[in-house]
Structures are given as structure tokens and as C-alpha cells.
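**Q** To start, I am sharing the structure in question, which I have written as C-alpha cells.
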Amino acid sequence: MSLGTHVETAVTERLYDVSDYYDAESLLTEDERRVLSRLRDFLDREAKPLLADYWERGEFPARLAQPLIDLDLMEPAELTVHGPARGIYQGFRIFELARTDASLATWYTAQAGLFRTAIRVGASEEQQREWMPRIIDFSLKGVFSLTEPESGSDIAGGLSTTARRDPDGDGDAWVLDGAKRWIGGASTADVLAVFARDVADGQVKAFLVDREAAGVTLEKIHGKTSLRMMQNAHITLDGVRVPESMRLHNVNSFKDVAAMLRAMRSDVAWIATGIQAGAFEAALRYVRERQQFGRPLGSFQLVQEKLARMLGNLTASLSLVVRLTEQQARGVYRDQDSALAKMQSCVAMRETVAMARELAGGNGITLESDVARFHADAEAVYSYEGTHEINALIVGRALTGESAFTR
């Protein structure tokens, strides 16, 4: 029985009967719910038993990668008869992964979200025709390589990796020098989507760099206390030659990069919402089972108050990302919309996972309850794809018409 075909009957029960209080799931078609049910079954059977061990070891469970790819989740055949898979399905796919584990969601979204968006926004039509089918079936795996050792929030002006025309060649190649940091999934990617500043005009360009090209060095970042399963790399580029054919032809300034970020931030808001669902469900299981003072922990007033606040955070976040996804499906992409969703869902996430940890008491700092994993992993999600402060300033600029960014 294959992973891709073992769930064929109608999904008669709600997938999110606890964590989707206002039934956003009703926006999904039966076929979309069937695909998500297939993913749920795989995560429950194959992934969950491995997570605590691999998280503690700081290793990604590589044995899950190909089975996840084989599930055909990015553009499932049954959902693409009349065009690409709908945004609401893609959002719930992220939600389902994140409610199981943040690293799994981050790993999958690195390909399905970041790298795919880089090609969709930055590549020419000819390049898209060549690369997009291979991205969808994972035969071309890539990562988004923007952040640098000394530049994160200020990357627009601080990006220091350079690109120059090859002085010793025929002008049809580029030479890249610099470094990138925090690049998740780089060690298993085929290509790195590297953003560099053209020394000739000072504008940002983008290149697909072969991970094994001469001059490329990858080092695993050790000592992380968050997203421990996700393998983040420090990348050094020393005189790396890249042919013009591997430059993303529609990236000619940071404005083009900003267009990618505008589309990507909604994915992170879905991850933050999924983490809340996972933490909430884990805490709810715990207080239903745990006995204190001769009574179920869930029977105490203060416990129920925390559960209600957690559910409120989760419900508000899910409503926010669903509405944002509906807007984007109509072609409405605004910096302030995705920034607001990322900012607010992450604030709610931080409070939700903290209360989940509180409800589990001392057991909430052990991997046995799942709560500890969500609590720790939330910190990385809170910061990546734009910090709280940067996203707040994007929203503030839209509200006031005044930029408060440091010049």
C-alpha cells in the first residue's frame, strides 16, 4: 500500500475539530481535505515517533524526506486538473506540518515556499519553464540564501556579497564573493539561490549556485536551542563562477527581492499558527490526563482560563492567515498585509506556547510531552522572515506614510 494512495475514501470527520474553533476547514474542498488527511496519516505514523529523539540530537530525520516528497503535496494531481493548487490548501498544508513539528514545516516550506517563490518571481519565463516542474517534484532542490553574517534586518542596504562579471572569461559568467548565514536546508540542496550586489551598478542580483561548485563552503551551525532538527548553514563564497544562464533574469534590484518576501511572509504566519495548534493540542491532552489533588488538571479554573486564552490566540491567528490567503488569491499582495500577519501571529504564538509550557509544569520542559519542542522552536519562527520590530515598522509606514527605518 503506497503512501500516496492508502487514503481514498471521503474524509467524514473534521481534521481540526479541536484547534479550528470557527471551522476554517470548511473552506477546503473534499479533495483538499483528502490530501491533507493523507499527510496527517503519514505524520502521525511515521514522523511523530521520531521527533523527540532527532530534536535532542540536533539532526534532521532524513528518512522522512523522500516519503514526504512522494506524498505529492506541492501540486497534488487530484487538485490541479483546472490549474495550480489553491492558496487555502497550501496554507493548511503548512499548518498541518507545523502542528506536528516546526522543523518539518520549515524544511518543506524552504522548497515549496521560499525557493519556489524565488523562481516564480525572479526567473524569466524560459527559466521557469525549465526549472518549475523540477522544483515541484523536488528533482531540483534549492534554498533561499539572503541573510548574511552581519546583515539580517538591514539586508536591503547591508547586503555585502558581491557579484562581478568574470574578468577572465567571455563576459558570459559572474564571480561571487561573500558569505551567507542561517540558510536552512543548504546541505541537502542542489542549488543555492544567492543574492549578491552587482559591483557595476550597485543593484542586487540573484544567482542559482551549484552547492558543490568550486569556492562554495558550507558549515553547519551548531549550538542552537531552537529548530534543532533544521540544519542551518554558514555559506562562504570565494571566487565562485556562475554562468549568466543561472542568473535570475527578473531580479535587478532589491525591490524584486522585496516582492518575494511579500509573498513568503504569509507562509511563516501559517507556520506560527500551526505551532500554536500543536502546542494547544498537546497542552489540552496533558491537562485531560494529568491528575492533581485527586482531580483532572483540566477541571481547575485557572487551567481552563489559560486554555481559553490559547484558543483565542489560535483562532485569531487562523482567521488572520485565512483572510490574508484569500486576498492573495485575488492578486492583492501588499507589504503591510503579510507583515501584519507575520507579526501578530508570532506574538500570539509566543504567548500560546508559553502557556502550554506552564500548563505542563515541570513536564513541559521535557521532550516527552511535545510542549517543550513547540516552546523552543517558536523562538526561531518569531525572528525569521522579518523580526517583530521590522514587520511593525512596515505596517507603521503604511499607516502613517512615514518611514521610521534607520537611515
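As shown in the C-alpha cells, the chain order sets the letters A, B, ...; within each chain, residues go from 1, and ligands are also counted from 1 in the order they appear.
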Do a neighbour search on Leu297 of chain A at 9 Å with only C-alpha atoms, toss out local chain neighbours closer than 5 positions, and write the hits as JSON, numbers by chain.

**A** {"A": [286, 287, 288, 289, 290, 291, 292, 303, 359]}

**Q** Please write the residues from the selection above to a file, keeping C-alpha atoms, as a compact mmCIF listing (two decimals), in the first residue's frame.

**A**
# COMPACT_ATOMS: atom_id res chain seq x y z
CA TYR A 286 -1.93 16.82 29.11
CA VAL A 287 -4.48 18.54 31.35
CA ARG A 288 -7.12 15.96 30.44
CA GLU A 289 -4.84 13.13 31.54
CA ARG A 290 -2.91 14.66 34.45
CA GLN A 291 -4.35 14.29 37.97
CA GLN A 292 -3.61 16.77 40.76
CA VAL A 303 -6.15 25.97 33.80
CA LEU A 359 0.17 24.02 31.95

**Q** For the interface of segment 234-278 of chain A with segment 182-188 of chain A (cut-off 12 Å, counting only C-alpha atoms), please tabulate each contacting residue of segment 234-278 of chain A alongside its nearest pair of atoms and their separation in Å to one decimal, rows sorted by chain and increasing number, as a tab-separated table.

**A**
residue	atom	partner	partner_atom	distance
A:His234	CA	A:Trp182	CA	6.1
A:Ile235	CA	A:Ile183	CA	7.8
A:Thr236	CA	A:Ile183	CA	11.4

**Q** Could you write out the selected residues, including all heavy atoms, as a PDB file, in the first residue's frame?

**A**
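As a result, part.pdb now contains:
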ATOM      1  N   HIS A 234      26.223  28.046   7.472  1.00  0.00           N
ATOM      2  CA  HIS A 234      27.009  29.233   7.153  1.00  0.00           C
ATOM      3  C   HIS A 234      27.700  28.924   5.832  1.00  0.00           C
ATOM      4  O   HIS A 234      28.424  27.931   5.712  1.00  0.00           O
ATOM      5  CB  HIS A 234      28.038  29.512   8.247  1.00  0.00           C
ATOM      6  CG  HIS A 234      28.887  30.708   7.991  1.00  0.00           C
ATOM      7  ND1 HIS A 234      28.699  31.905   8.648  1.00  0.00           N
ATOM      8  CD2 HIS A 234      29.917  30.921   7.133  1.00  0.00           C
ATOM      9  CE1 HIS A 234      29.583  32.788   8.212  1.00  0.00           C
ATOM     10  NE2 HIS A 234      30.344  32.214   7.289  1.00  0.00           N
ATOM     11  N   ILE A 235      27.470  29.768   4.827  1.00  0.00           N
ATOM     12  CA  ILE A 235      27.990  29.518   3.487  1.00  0.00           C
ATOM     13  C   ILE A 235      29.039  30.568   3.144  1.00  0.00           C
ATOM     14  O   ILE A 235      28.793  31.769   3.289  1.00  0.00           O
ATOM     15  CB  ILE A 235      26.853  29.567   2.437  1.00  0.00           C
ATOM     16  CG1 ILE A 235      25.770  28.550   2.774  1.00  0.00           C
ATOM     17  CG2 ILE A 235      27.405  29.330   1.033  1.00  0.00           C
ATOM     18  CD1 ILE A 235      24.524  28.674   1.909  1.00  0.00           C
ATOM     19  N   THR A 236      30.201  30.107   2.704  1.00  0.00           N
ATOM     20  CA  THR A 236      31.247  31.007   2.235  1.00  0.00           C
ATOM     21  C   THR A 236      31.379  30.865   0.725  1.00  0.00           C
ATOM     22  O   THR A 236      31.416  29.742   0.192  1.00  0.00           O
ATOM     23  CB  THR A 236      32.594  30.688   2.907  1.00  0.00           C
ATOM     24  OG1 THR A 236      32.443  30.782   4.329  1.00  0.00           O
ATOM     25  CG2 THR A 236      33.665  31.670   2.451  1.00  0.00           C
TER      26      THR A 236
END

**Q** With only C-alpha atoms as the counted atoms, please give the residues lying no more than 7 Å from Glu244 of chain A, apart from itself and same-chain residues fewer than 4 positions off, as a compact mmCIF listing (two decimals) with all heavy atoms, in the first residue's frame.

**A**
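Here's the written file result-v7.txt:
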# COMPACT_ATOMS: atom_id res chain seq x y z
N ASP A 172 30.24 36.04 -20.19
CA ASP A 172 29.00 35.28 -20.02
C ASP A 172 28.95 34.60 -18.66
O ASP A 172 28.20 33.66 -18.47
CB ASP A 172 28.86 34.25 -21.14
CG ASP A 172 27.44 33.69 -21.21
OD1 ASP A 172 26.50 34.47 -21.02
OD2 ASP A 172 27.30 32.47 -21.43
N ALA A 173 29.76 35.03 -17.72
CA ALA A 173 29.78 34.43 -16.39
C ALA A 173 29.99 35.52 -15.34
O ALA A 173 30.41 36.64 -15.65
CB ALA A 173 30.87 33.37 -16.29
N TRP A 174 29.67 35.15 -14.09
CA TRP A 174 29.82 36.06 -12.96
C TRP A 174 30.71 35.40 -11.91
O TRP A 174 30.82 34.17 -11.86
CB TRP A 174 28.46 36.35 -12.33
CG TRP A 174 27.49 37.06 -13.22
CD1 TRP A 174 26.79 36.53 -14.26
CD2 TRP A 174 27.13 38.44 -13.15
NE1 TRP A 174 25.99 37.49 -14.85
CE2 TRP A 174 26.18 38.68 -14.18
CE3 TRP A 174 27.48 39.50 -12.33
CZ2 TRP A 174 25.60 39.92 -14.39
CZ3 TRP A 174 26.91 40.74 -12.53
CH2 TRP A 174 25.98 40.94 -13.56

**Q** Please provide as a list in words all residues within 7 Å of segment 19-23 of chain A, with the sequence filter that same-chain residues fewer than 2 positions apart are discarded (counting only C-alpha atoms).

**A**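 Answer for this query is Tyr16, Asp17, Glu25, Ser26, Ala277 and Thr315 of chain A.
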
**Q** Do you know which residues are at most 12 Å from Phe92 of chain A counting only C-alpha atoms, after dropping those on the same chain fewer than 5 positions away, and could you put them as a PyMOL selection string?

**A** chain A and resi 15-16+20+24-29+32-33+35-37+39-40+73-74+85-87+97-99+105+266-267+269-271+273-274+277+318+321-322+325
